[in-house]
>>> print(open('upload-v2.cif').read())   # mmCIF, C-alpha atoms
data_upload
#
loop_
_atom_site.label_atom_id
_atom_site.label_comp_id
_atom_site.auth_asym_id
_atom_site.auth_seq_id
_atom_site.Cartn_x
_atom_site.Cartn_y
_atom_site.Cartn_z
CA MET A 1 -62.24 -70.37 -32.34
CA ARG A 2 -60.37 -73.66 -32.01
CA ASP A 3 -58.45 -72.89 -35.18
CA ALA A 4 -57.52 -69.51 -33.77
CA ALA A 5 -56.28 -71.14 -30.56
CA LEU A 6 -54.29 -73.68 -32.56
CA SER A 7 -52.86 -70.89 -34.64
CA THR A 8 -51.76 -69.07 -31.47
CA LEU A 9 -50.17 -72.28 -30.18
CA ASP A 10 -48.40 -72.75 -33.50
CA GLN A 11 -47.12 -69.21 -33.28
CA LEU A 12 -45.86 -69.80 -29.74
CA ASP A 13 -44.18 -73.04 -30.83
CA ALA A 14 -42.59 -71.20 -33.71
CA ALA A 15 -41.43 -68.46 -31.34
CA ALA A 16 -40.00 -71.06 -28.98
CA ALA A 17 -38.22 -72.83 -31.83
CA GLU A 18 -36.87 -69.54 -33.11
CA ALA A 19 -35.67 -68.57 -29.66
CA GLU A 20 -34.02 -71.94 -29.17
CA GLY A 21 -31.86 -70.92 -32.07
CA THR A 22 -31.22 -67.61 -30.35
CA PHE A 23 -30.19 -69.17 -27.04
CA GLN A 24 -27.19 -71.43 -26.87
CA MET A 25 -28.73 -73.37 -23.97
CA ASP A 26 -31.66 -75.69 -24.75
CA GLU A 27 -34.81 -75.83 -22.65
CA ASP A 28 -33.91 -79.00 -20.75
CA ALA A 29 -30.47 -77.74 -19.80
CA PHE A 30 -32.04 -74.46 -18.76
CA ARG A 31 -34.59 -76.25 -16.57
CA LEU A 32 -31.88 -78.13 -14.68
CA PHE A 33 -29.77 -75.01 -14.27
CA TYR A 34 -32.78 -72.95 -13.18
CA GLU A 35 -33.87 -75.49 -10.60
CA ARG A 36 -30.43 -75.46 -9.04
CA THR A 37 -29.94 -71.71 -9.03
CA SER A 38 -33.27 -69.87 -8.96
CA ARG A 39 -33.82 -69.90 -5.19
CA PRO A 40 -30.33 -68.67 -4.23
CA VAL A 41 -30.50 -66.01 -6.94
CA TRP A 42 -33.95 -64.96 -5.77
CA ALA A 43 -32.69 -64.76 -2.17
CA TYR A 44 -29.76 -62.62 -3.29
CA LEU A 45 -31.97 -60.30 -5.33
CA ALA A 46 -34.52 -60.05 -2.54
CA ARG A 47 -31.94 -59.14 0.09
CA MET A 48 -30.04 -56.74 -2.16
CA SER A 49 -33.15 -54.99 -3.50
CA GLY A 50 -35.00 -55.16 -0.19
CA SER A 51 -38.22 -56.31 -1.82
CA ALA A 52 -39.62 -59.75 -2.53
CA ARG A 53 -41.95 -58.41 -5.21
CA LEU A 54 -39.09 -56.67 -6.96
CA ALA A 55 -36.99 -59.82 -6.71
CA ASP A 56 -39.59 -61.70 -8.78
CA ASP A 57 -39.17 -59.25 -11.67
CA LEU A 58 -35.42 -59.03 -11.31
CA LEU A 59 -35.18 -62.83 -11.39
CA GLN A 60 -36.85 -62.95 -14.80
CA GLU A 61 -34.56 -60.20 -16.08
CA THR A 62 -31.49 -61.99 -14.72
CA TYR A 63 -32.26 -65.24 -16.50
CA TYR A 64 -33.22 -63.44 -19.70
CA ARG A 65 -29.88 -61.63 -19.81
CA PHE A 66 -28.13 -64.87 -18.96
CA LEU A 67 -29.79 -66.68 -21.86
CA ARG A 68 -29.07 -63.83 -24.27
CA ALA A 69 -25.44 -63.73 -23.21
CA ASN A 70 -24.96 -67.28 -24.57
CA VAL A 71 -22.27 -68.01 -22.02
CA PRO A 72 -20.00 -70.81 -23.25
CA TYR A 73 -20.01 -73.74 -20.86
CA GLU A 74 -16.86 -74.02 -18.76
CA SER A 75 -18.24 -75.41 -15.53
CA ASP A 76 -21.35 -75.20 -13.37
CA ALA A 77 -19.54 -72.86 -11.01
CA HIS A 78 -18.59 -70.57 -13.90
CA ARG A 79 -22.19 -70.39 -15.07
CA ARG A 80 -23.43 -69.75 -11.54
CA ASN A 81 -20.89 -66.97 -11.03
CA TYR A 82 -21.86 -65.42 -14.34
CA LEU A 83 -25.49 -65.49 -13.26
CA PHE A 84 -24.66 -63.72 -10.00
CA ARG A 85 -22.62 -61.15 -11.90
CA ILE A 86 -25.68 -60.37 -14.02
CA ALA A 87 -27.86 -60.20 -10.90
CA THR A 88 -25.37 -57.81 -9.29
CA ASN A 89 -25.41 -55.54 -12.33
CA ILE A 90 -29.19 -55.54 -12.41
CA VAL A 91 -29.37 -54.52 -8.76
CA ARG A 92 -26.76 -51.80 -9.41
CA ASP A 93 -28.88 -50.46 -12.28
CA LEU A 94 -31.86 -50.48 -9.97
CA ARG A 95 -29.99 -48.45 -7.36
CA ARG A 96 -29.03 -45.85 -9.97
CA ARG A 97 -32.63 -45.38 -11.06
CA PRO A 98 -34.61 -42.63 -9.34
CA ARG A 99 -36.86 -44.09 -6.68
CA VAL A 100 -40.60 -43.94 -7.15
CA ASP A 101 -41.36 -45.01 -3.62
CA GLU A 102 -39.40 -45.61 -0.45
CA SER A 103 -38.98 -49.34 -0.98
CA GLY A 104 -35.25 -49.04 -1.48
CA PRO A 105 -32.54 -51.61 -0.96
CA GLY A 106 -32.43 -53.29 2.38
CA ASN A 107 -34.88 -51.11 4.20
CA GLY A 108 -36.50 -53.99 5.99
CA HIS A 109 -39.60 -54.20 3.79
CA LEU A 110 -38.61 -57.71 2.82
CA SER A 111 -39.02 -59.11 6.28
CA GLU A 112 -42.46 -57.54 6.59
CA GLU A 113 -43.61 -58.54 3.10
CA ARG A 114 -43.31 -62.25 3.63
CA ALA A 115 -43.35 -62.55 7.38
CA ASP A 116 -44.76 -66.00 7.64
CA PRO A 117 -44.86 -67.66 11.07
CA ARG A 118 -44.25 -71.06 9.47
CA THR A 119 -40.96 -69.92 7.95
CA ALA A 120 -39.75 -67.84 10.83
CA ASP A 121 -38.94 -70.65 13.24
CA THR A 122 -39.27 -68.51 16.29
CA ALA A 123 -40.06 -64.92 17.14
CA ASP A 124 -36.39 -64.60 17.99
CA GLY A 125 -35.42 -65.73 14.51
CA ALA A 126 -37.78 -63.21 12.93
CA ILE A 127 -36.33 -60.41 15.07
CA ARG A 128 -32.80 -61.43 14.07
CA ARG A 129 -33.77 -61.20 10.40
CA VAL A 130 -35.26 -57.75 10.86
CA ASP A 131 -32.07 -56.70 12.68
CA LEU A 132 -30.00 -58.07 9.81
CA ALA A 133 -32.11 -56.26 7.20
CA ARG A 134 -31.75 -52.98 9.06
CA SER A 135 -28.03 -53.46 9.60
CA MET A 136 -27.50 -54.38 5.94
CA ALA A 137 -29.35 -51.21 4.96
CA ARG A 138 -26.72 -49.19 6.81
CA LEU A 139 -23.92 -50.72 4.71
CA LYS A 140 -22.71 -49.51 1.34
CA PRO A 141 -24.16 -51.48 -1.58
CA ARG A 142 -20.79 -53.02 -2.39
CA GLU A 143 -20.35 -54.13 1.21
CA ARG A 144 -23.74 -55.85 1.08
CA ASP A 145 -22.78 -57.63 -2.13
CA LEU A 146 -19.43 -58.71 -0.72
CA LEU A 147 -20.82 -60.07 2.51
CA TRP A 148 -23.69 -61.91 0.88
CA LEU A 149 -21.51 -63.56 -1.72
CA ALA A 150 -18.89 -64.54 0.85
CA TYR A 151 -21.01 -65.81 3.74
CA ALA A 152 -24.47 -66.54 2.35
CA GLN A 153 -23.41 -67.79 -1.06
CA GLY A 154 -20.08 -69.24 0.03
CA SER A 155 -18.12 -67.78 -2.90
CA SER A 156 -14.32 -67.69 -2.87
CA HIS A 157 -12.39 -64.42 -3.00
CA LYS A 158 -11.67 -64.99 -6.69
CA GLU A 159 -15.33 -65.65 -7.48
CA ILE A 160 -16.33 -62.53 -5.56
CA ALA A 161 -13.73 -60.49 -7.43
CA ASP A 162 -15.03 -61.80 -10.77
CA THR A 163 -18.64 -61.15 -9.84
CA LEU A 164 -18.12 -57.63 -8.51
CA GLY A 165 -15.36 -56.56 -10.89
CA LEU A 166 -12.75 -56.15 -8.15
CA LYS A 167 -9.15 -57.25 -7.80
CA THR A 168 -8.84 -60.52 -5.89
CA ALA A 169 -6.19 -58.99 -3.64
CA SER A 170 -8.52 -56.20 -2.51
CA VAL A 171 -11.43 -58.50 -1.64
CA LYS A 172 -9.82 -59.61 1.63
CA LEU A 173 -9.47 -56.08 2.99
CA LEU A 174 -12.89 -54.92 1.77
CA LEU A 175 -14.50 -58.01 3.22
CA PHE A 176 -12.75 -57.50 6.53
CA ARG A 177 -14.00 -53.89 6.81
CA ALA A 178 -17.53 -54.75 5.72
CA ARG A 179 -17.69 -57.65 8.18
CA ARG A 180 -16.50 -55.49 11.06
CA ARG A 181 -19.10 -52.83 10.27
CA LEU A 182 -21.95 -55.31 9.98
CA ALA A 183 -20.95 -57.07 13.19
CA ARG A 184 -20.97 -53.71 14.99
CA PHE A 185 -24.39 -52.80 13.57
CA LEU A 186 -25.79 -56.19 14.53
CA ARG A 187 -24.57 -55.78 18.12
CA GLU A 188 -26.01 -52.26 18.27
CA GLY A 189 -29.31 -53.67 17.01
CA VAL A 190 -29.35 -56.34 19.68
CA ARG A 191 -28.76 -53.82 22.45
CA MET B 1 2.54 -47.96 13.53
CA ARG B 2 0.54 -51.03 14.48
CA GLU B 3 -0.46 -53.27 11.58
CA THR B 4 -4.08 -54.36 11.55
CA ILE B 5 -4.50 -58.12 11.43
CA LEU B 6 -7.06 -58.89 8.73
CA GLU B 7 -7.47 -62.61 9.11
CA CYS B 8 -7.29 -65.50 11.48
CA PRO B 9 -6.10 -68.99 10.46
CA ARG B 10 -9.28 -70.50 11.92
CA GLU B 11 -11.68 -68.45 9.77
CA ALA B 12 -12.09 -71.21 7.19
CA ASP B 13 -12.99 -73.77 9.92
CA LEU B 14 -15.58 -71.41 11.33
CA VAL B 15 -17.18 -70.63 7.95
CA GLU B 16 -17.34 -74.35 7.19
CA ALA B 17 -18.90 -75.13 10.59
CA ILE B 18 -21.59 -72.49 10.01
CA ALA B 19 -22.23 -73.61 6.41
CA PHE B 20 -22.73 -77.22 7.50
CA GLY B 21 -24.84 -76.35 10.54
CA ARG B 22 -22.29 -77.53 13.14
CA TRP B 23 -21.90 -74.15 14.80
CA PRO B 24 -21.89 -73.64 17.78
CA ASP B 25 -22.88 -76.91 19.42
CA ARG B 26 -20.54 -79.35 17.68
CA CYS B 27 -17.38 -77.30 17.36
CA GLY B 28 -15.38 -78.12 20.49
CA ASP B 29 -12.31 -75.93 20.81
CA LEU B 30 -13.45 -73.62 17.98
CA THR B 31 -16.07 -72.18 20.35
CA THR B 32 -13.34 -71.41 22.87
CA HIS B 33 -11.22 -69.80 20.17
CA VAL B 34 -14.08 -67.59 18.93
CA ALA B 35 -14.66 -66.35 22.48
CA THR B 36 -11.11 -64.96 22.53
CA CYS B 37 -10.58 -63.93 18.86
CA GLU B 38 -12.09 -60.62 17.78
CA ILE B 39 -11.90 -61.45 14.06
CA CYS B 40 -13.63 -64.80 14.48
CA ALA B 41 -16.24 -63.31 16.82
CA ASP B 42 -17.24 -60.80 14.12
CA LEU B 43 -17.15 -63.53 11.52
CA ALA B 44 -19.36 -65.82 13.59
CA ASP B 45 -22.02 -63.13 14.09
CA VAL B 46 -22.05 -62.04 10.46
CA ALA B 47 -21.73 -65.41 8.76
CA LEU B 48 -24.36 -67.03 10.97
CA ALA B 49 -26.84 -64.19 10.41
CA LEU B 50 -26.34 -64.24 6.65
CA HIS B 51 -26.39 -68.03 6.44
CA ASP B 52 -29.68 -68.22 8.35
CA ASP B 53 -31.17 -65.36 6.35
CA ARG B 54 -30.29 -67.05 3.08
CA ALA B 55 -31.80 -70.32 4.26
CA ALA B 56 -35.03 -68.55 5.27
CA LEU B 57 -35.21 -66.59 2.02
CA CYS B 58 -34.60 -69.69 -0.07
CA HIS B 59 -37.40 -71.39 1.86
CA GLU B 60 -39.75 -68.44 1.30
CA ALA B 61 -38.85 -68.03 -2.36
CA GLN B 62 -41.61 -68.77 -4.82
CA PRO B 63 -39.82 -68.36 -8.13
CA PRO B 64 -41.88 -68.92 -11.28
CA SER B 65 -41.47 -72.27 -13.01
CA SER B 66 -38.55 -72.71 -15.38
CA GLY B 67 -41.06 -73.22 -18.22
CA MET B 68 -42.62 -69.83 -17.54
CA VAL B 69 -39.24 -68.06 -17.39
CA TRP B 70 -38.14 -69.82 -20.58
CA TRP B 71 -41.38 -68.98 -22.39
CA ARG B 72 -41.21 -65.30 -21.42
CA ALA B 73 -37.58 -65.17 -22.50
CA THR B 74 -38.39 -66.67 -25.91
CA ILE B 75 -41.25 -64.23 -26.48
CA ARG B 76 -39.05 -61.30 -25.51
CA ALA B 77 -36.16 -62.52 -27.65
CA ARG B 78 -38.49 -62.80 -30.62
CA ALA B 79 -39.92 -59.33 -30.03
CA GLU B 80 -36.43 -57.87 -29.82
CA ALA B 81 -35.35 -59.75 -32.97
CA THR B 82 -38.41 -58.41 -34.82
CA ARG B 83 -37.68 -54.88 -33.63
CA THR B 84 -34.07 -55.15 -34.75
CA ALA B 85 -35.07 -56.57 -38.13
CA THR B 86 -37.68 -53.89 -38.82
CA GLN B 87 -35.45 -51.00 -37.79
CA PRO B 88 -33.78 -50.58 -41.26
CA ILE B 89 -37.23 -50.78 -42.93
CA SER B 90 -38.46 -47.95 -40.72
CA VAL B 91 -35.43 -45.87 -41.72
CA LEU B 92 -36.14 -46.52 -45.42
CA GLN B 93 -39.79 -45.63 -44.88
CA GLY B 94 -38.70 -42.36 -43.34
CA ILE B 95 -36.38 -41.58 -46.25
CA ALA B 96 -39.12 -42.42 -48.77
CA GLY B 97 -41.57 -40.23 -46.88
CA ALA B 98 -39.11 -37.34 -46.88
CA CYS B 99 -38.54 -37.80 -50.65
CA ALA B 100 -42.30 -37.78 -51.30
CA ALA B 101 -42.71 -34.65 -49.18
CA GLY B 102 -39.81 -33.00 -51.06
CA ALA B 103 -41.34 -33.91 -54.42
CA ALA B 104 -44.71 -32.51 -53.35
CA ALA B 105 -43.02 -29.28 -52.21
CA GLY B 106 -41.21 -29.07 -55.56
CA LEU B 107 -44.46 -29.50 -57.46
CA VAL B 108 -46.13 -26.78 -55.41
CA THR B 109 -43.22 -24.44 -56.20
CA ILE B 110 -43.50 -25.22 -59.91
CA ALA B 111 -47.24 -24.60 -59.75
CA TRP B 112 -46.63 -21.27 -58.01
CA HIS B 113 -44.16 -20.18 -60.71
CA SER B 114 -46.49 -21.36 -63.46
CA MET B 115 -49.25 -19.17 -61.97
CA HIS B 116 -46.97 -16.12 -62.40
CA TRP B 117 -46.24 -17.27 -65.89
CA MET B 118 -49.98 -17.56 -66.61
CA GLU B 119 -50.43 -14.00 -65.29
CA ARG B 120 -47.82 -12.83 -67.77
CA ILE B 121 -49.69 -14.64 -70.51
CA GLY B 122 -52.84 -12.83 -69.37
CA GLU B 123 -51.04 -9.50 -69.57
CA LEU B 124 -49.80 -10.43 -73.00
CA ALA B 125 -53.34 -11.30 -73.99
CA VAL B 126 -54.52 -7.87 -72.81
CA ARG B 127 -51.82 -6.19 -74.85
CA LEU B 128 -52.74 -8.23 -77.83
CA GLU B 129 -56.43 -7.41 -77.42
CA SER B 130 -55.93 -4.47 -79.68
CA ARG B 131 -54.42 -6.72 -82.20
CA ARG B 132 -57.19 -9.24 -82.60
CA ALA B 133 -55.35 -10.98 -85.27
CA ASP B 134 -52.74 -12.15 -82.75
CA ILE B 135 -55.25 -13.42 -80.12
CA ALA B 136 -55.60 -16.73 -81.82
CA SER B 137 -51.86 -17.33 -81.78
CA ALA B 138 -51.60 -16.27 -78.07
CA SER B 139 -54.39 -18.59 -76.96
CA THR B 140 -52.84 -21.42 -78.93
CA PHE B 141 -49.58 -20.79 -77.04
CA ALA B 142 -51.36 -20.82 -73.64
CA THR B 143 -53.29 -23.97 -74.47
CA GLY B 144 -50.20 -25.70 -75.79
CA HIS B 145 -47.96 -25.10 -72.74
CA GLY B 146 -50.16 -24.08 -69.78
CA LEU B 147 -52.44 -27.11 -69.80
CA PRO B 148 -49.72 -29.76 -69.44
CA ILE B 149 -48.27 -27.80 -66.53
CA LEU B 150 -51.62 -27.54 -64.81
CA VAL B 151 -52.22 -31.25 -65.32
CA ALA B 152 -48.78 -32.04 -63.90
CA VAL B 153 -49.39 -29.90 -60.81
CA ALA B 154 -52.81 -31.45 -60.20
CA ALA B 155 -51.41 -34.95 -60.66
CA GLY B 156 -48.58 -34.19 -58.26
CA LEU B 157 -50.92 -32.87 -55.61
CA VAL B 158 -53.08 -35.99 -55.84
CA LEU B 159 -50.29 -38.55 -56.18
CA ALA B 160 -47.83 -37.22 -53.54
CA PRO B 161 -50.10 -37.88 -50.50
CA LEU B 162 -51.08 -41.24 -52.04
CA ALA B 163 -47.42 -42.21 -52.47
CA LEU B 164 -46.73 -41.07 -48.90
CA TYR B 165 -49.60 -43.20 -47.58
CA ILE B 166 -48.48 -46.29 -49.49
CA THR B 167 -44.89 -45.87 -48.33
CA LEU B 168 -45.67 -45.38 -44.67
CA ALA B 169 -48.46 -47.97 -44.40
CA ASP B 170 -47.41 -50.95 -42.21
CA ASP B 171 -49.32 -53.59 -44.09
#
>>> encode(input="upload-v2.cif", output="structure tokens")
Amino acid sequence: MRDAALSTLDQLDAAAAEAEGTFQMDEDAFRLFYERTSRPVWAYLARMSGSARLADDLLQETYYRFLRANVPYESDAHRRNYLFRIATNIVRDLRRRPRVDESGPGNGHLSEERADPRTADTADGAIRRVDLARSMARLKPRERDLLWLAYAQGSSHKEIADTLGLKTASVKLLLFRARRRLARFLREGVR
Amino acid sequence: MRETILECPREADLVEAIAFGRWPDRCGDLTTHVATCEICADLADVALALHDDRAALCHEAQPPSSGMVWWRATIRARAEATRTATQPISVLQGIAGACAAGAAAGLVTIAWHSMHWMERIGELAVRLESRRADIASASTFATGHGLPILVAVAAGLVLAPLALYITLADD
């Protein structure tokens, strides 16, 4: 029994060693990168997919594709942007897939799934988040991506263009329109 | 035609104030500006809502440990590498299987033709019945050529499925 367990461990070690050859990044570098980026990426995936449970799976997929891509190191910002580009593509693929249930992007399920009184500072804060989720759901997917990257993630126009595959010059106008629409929806929600 | 103004020079200040948690209490004249600027008013509503939402989501997030994500990725990479490596073998197995099936079909055809041939031998034997002297030579002919064919057909029928099994077996 013990031998069998050891054999399994050996196999896992061998698999890990083999995969280390597959991935350009080593495990320590990955750990540091993951600790810096996993929460923002999870937040992005959760808000764009509208589901915390789905975000857990999408997070794994995002990092897997990132590791397989063997992105050459240019800078931390470059790696982070690449990661968000992968996350964006994964969410796009998800939107194209036929829906099994009604838990679609930004339908407000997220706020209900993890509505924790300790994290929602006040009832007012929780209501604002539900309003935001509902307002975001009324936007086009690209508008949601744009706004999140610009104002939640703090990305520059160039970074947004790279992530979403747009021209830098068009980001300003698209962002302006998306922002105006969301602001209107938020005010309508408040009323 | 009136040109739509897309940006305000104070946008960057406002985004920075929101990002660093200074908005709206510690912004001085920026608050006054936002009250009169439509672009900045929209920006303040949107950026603040998204900033707060991100902060709350990051706080709520319970991502798996990096070790777990790494381990799953390695296992999946290995599985994919194995699948890629075994793909050509599967193709060869398929070709070998098709060849074995073709050979078996060929043998069955030969056997079928040989049965007709044996019938003709039988007819010949009937014709020769009257000429008893020739029976011995006819039976010698049938024994000399018919038996090897029958043996070949039987061997083919036994060996073809066996060859197919050995070719397609995983281990």
>>> atom_distance(input="upload-v2.cif", atom1="atom CA of A:Arg177", atom2="atom CA of A:Leu147")
10.2 Å
>>> closest_residue(input="upload-v2.cif", among="B:Ile110, B:Ile121, B:Ala49, B:Val69", to="B:Trp23", atoms="all atoms listed in the file")
B:Ala49
>>> resolve_selection(input="upload-v2.cif", expression="the PyMOL selection byres ((chain B) within 6 of (chain A))", output="list in words")
Asp42, Val46, Ala47, Leu50, His51, Arg54, Leu57, Cys58, Ser66, Ala73 and Thr74 of chain B
>>> atom_distance(input="upload-v2.cif", atom1="atom CA of B:Val91", atom2="atom CA of A:Ala69")
27.6 Å
>>> residues_around(input="upload-v2.cif", residues="A:Asn89", least_positions_apart="3", cutoff="12 Å", atoms="all atoms listed in the file", output="list in words")
Leu45, Met48, Ser49, Leu58, Glu61, Thr62, Arg65, Phe66, Tyr82, Leu83, Phe84, Arg85, Ile86, Arg92, Asp93, Leu94, Arg95, Arg96, Pro141, Arg142, Asp145, Thr163, Leu164 and Gly165 of chain A
>>> atom_distance(input="upload-v2.cif", atom1="atom CA of B:Pro148", atom2="atom CA of B:Thr167")
27.0 Å
>>> closest_residue(input="upload-v2.cif", among="B:Ala160, B:Ala61, B:Cys40, B:Ile95", to="A:Thr37", atoms="only C-alpha atoms")
B:Ala61
>>> resolve_selection(input="upload-v2.cif", expression="the PyMOL selection byres ((chain B and resi 150) around 12)", output="ChimeraX atom specification")
/B:107-108,110-115,117-118,142-149,151-157
>>> axis_aligned_box(input="upload-v2.cif", around="stretch 42-47 of chain B", padding_each_side="4 Å", output="lines of an AutoDock Vina configuration file")
center_x = -19.6
center_y = -63.3
center_z = 11.4
size_x = 12.9
size_y = 13.0
size_z = 13.4
>>> residues_around(input="upload-v2.cif", residues="A:Lys158", least_positions_apart="3", cutoff="7 Å", atoms="only C-alpha atoms", output="MDAnalysis selection string")
chainID A and resid 161:162 168
>>> write_last_selection(input="upload-v2.cif", atoms="C-alpha atoms", output="CSV table (one decimal), in the coordinates of the input")
chain,number,residue,atom,x,y,z
A,161,ALA,CA,-13.7,-60.5,-7.4
A,162,ASP,CA,-15.0,-61.8,-10.8
A,168,THR,CA,-8.8,-60.5,-5.9
>>> closest_residue(input="upload-v2.cif", among="B:Leu6, B:Trp70, B:Thr109, B:Leu92", to="A:Val171", atoms="only C-alpha atoms")
B:Leu6
>>> closest_residue(input="upload-v2.cif", among="A:Phe185, A:Ile127, A:Ser170, A:Ile90", to="A:Leu139", atoms="all atoms listed in the file")
A:Phe185
>>> resolve_selection(input="upload-v2.cif", expression="the PyMOL selection byres ((chain B and resi 24-38) around 10)", output="PyMOL selection string")
(chain A and resi 180) or (chain B and resi 8+10-11+13-14+17-18+21-23+39-44+48)
>>> decode(input="upload-v2.cif", residues="stretch 3-18 of chain B", atoms="N, CA and C atoms", output="PDB file, in the first residue's frame")
ATOM      1  N   GLU B   3     -19.502  69.435 -32.281  1.00  0.00           N
ATOM      2  CA  GLU B   3     -18.591  68.317 -32.019  1.00  0.00           C
ATOM      3  C   GLU B   3     -18.721  67.861 -30.555  1.00  0.00           C
ATOM      4  N   THR B   4     -18.839  66.574 -30.375  1.00  0.00           N
ATOM      5  CA  THR B   4     -18.965  66.055 -29.013  1.00  0.00           C
ATOM      6  C   THR B   4     -17.599  66.057 -28.331  1.00  0.00           C
ATOM      7  N   ILE B   5     -17.561  66.596 -27.142  1.00  0.00           N
ATOM      8  CA  ILE B   5     -16.298  66.611 -26.388  1.00  0.00           C
ATOM      9  C   ILE B   5     -16.188  65.288 -25.650  1.00  0.00           C
ATOM     10  N   LEU B   6     -15.100  64.559 -25.947  1.00  0.00           N
ATOM     11  CA  LEU B   6     -14.956  63.206 -25.393  1.00  0.00           C
ATOM     12  C   LEU B   6     -14.220  63.166 -24.070  1.00  0.00           C
ATOM     13  N   GLU B   7     -13.413  64.179 -23.819  1.00  0.00           N
ATOM     14  CA  GLU B   7     -12.606  64.098 -22.594  1.00  0.00           C
ATOM     15  C   GLU B   7     -12.460  65.451 -21.918  1.00  0.00           C
ATOM     16  N   CYS B   8     -12.086  65.336 -20.657  1.00  0.00           N
ATOM     17  CA  CYS B   8     -11.874  66.540 -19.858  1.00  0.00           C
ATOM     18  C   CYS B   8     -10.447  66.470 -19.328  1.00  0.00           C
ATOM     19  N   PRO B   9      -9.726  67.577 -19.291  1.00  0.00           N
ATOM     20  CA  PRO B   9      -8.333  67.536 -18.824  1.00  0.00           C
ATOM     21  C   PRO B   9      -8.184  67.070 -17.374  1.00  0.00           C
ATOM     22  N   ARG B  10      -9.278  67.072 -16.613  1.00  0.00           N
ATOM     23  CA  ARG B  10      -9.149  66.695 -15.194  1.00  0.00           C
ATOM     24  C   ARG B  10      -9.511  65.227 -14.931  1.00  0.00           C
ATOM     25  N   GLU B  11      -9.778  64.496 -16.019  1.00  0.00           N
ATOM     26  CA  GLU B  11     -10.136  63.073 -15.876  1.00  0.00           C
ATOM     27  C   GLU B  11      -9.065  62.281 -15.118  1.00  0.00           C
ATOM     28  N   ALA B  12      -7.813  62.493 -15.534  1.00  0.00           N
ATOM     29  CA  ALA B  12      -6.712  61.725 -14.936  1.00  0.00           C
ATOM     30  C   ALA B  12      -6.627  61.977 -13.428  1.00  0.00           C
ATOM     31  N   ASP B  13      -6.832  63.248 -13.011  1.00  0.00           N
ATOM     32  CA  ASP B  13      -6.792  63.582 -11.571  1.00  0.00           C
ATOM     33  C   ASP B  13      -7.900  62.837 -10.830  1.00  0.00           C
ATOM     34  N   LEU B  14      -9.065  62.797 -11.465  1.00  0.00           N
ATOM     35  CA  LEU B  14     -10.210  62.160 -10.821  1.00  0.00           C
ATOM     36  C   LEU B  14      -9.999  60.643 -10.684  1.00  0.00           C
ATOM     37  N   VAL B  15      -9.514  60.029 -11.757  1.00  0.00           N
ATOM     38  CA  VAL B  15      -9.262  58.571 -11.724  1.00  0.00           C
ATOM     39  C   VAL B  15      -8.229  58.258 -10.645  1.00  0.00           C
ATOM     40  N   GLU B  16      -7.201  59.083 -10.565  1.00  0.00           N
ATOM     41  CA  GLU B  16      -6.153  58.868  -9.558  1.00  0.00           C
ATOM     42  C   GLU B  16      -6.723  59.020  -8.139  1.00  0.00           C
ATOM     43  N   ALA B  17      -7.553  60.050  -7.953  1.00  0.00           N
ATOM     44  CA  ALA B  17      -8.146  60.278  -6.623  1.00  0.00           C
ATOM     45  C   ALA B  17      -9.012  59.079  -6.202  1.00  0.00           C
ATOM     46  N   ILE B  18      -9.751  58.539  -7.148  1.00  0.00           N
ATOM     47  CA  ILE B  18     -10.603  57.373  -6.831  1.00  0.00           C
ATOM     48  C   ILE B  18      -9.728  56.153  -6.539  1.00  0.00           C
TER      49      ILE B  18
END
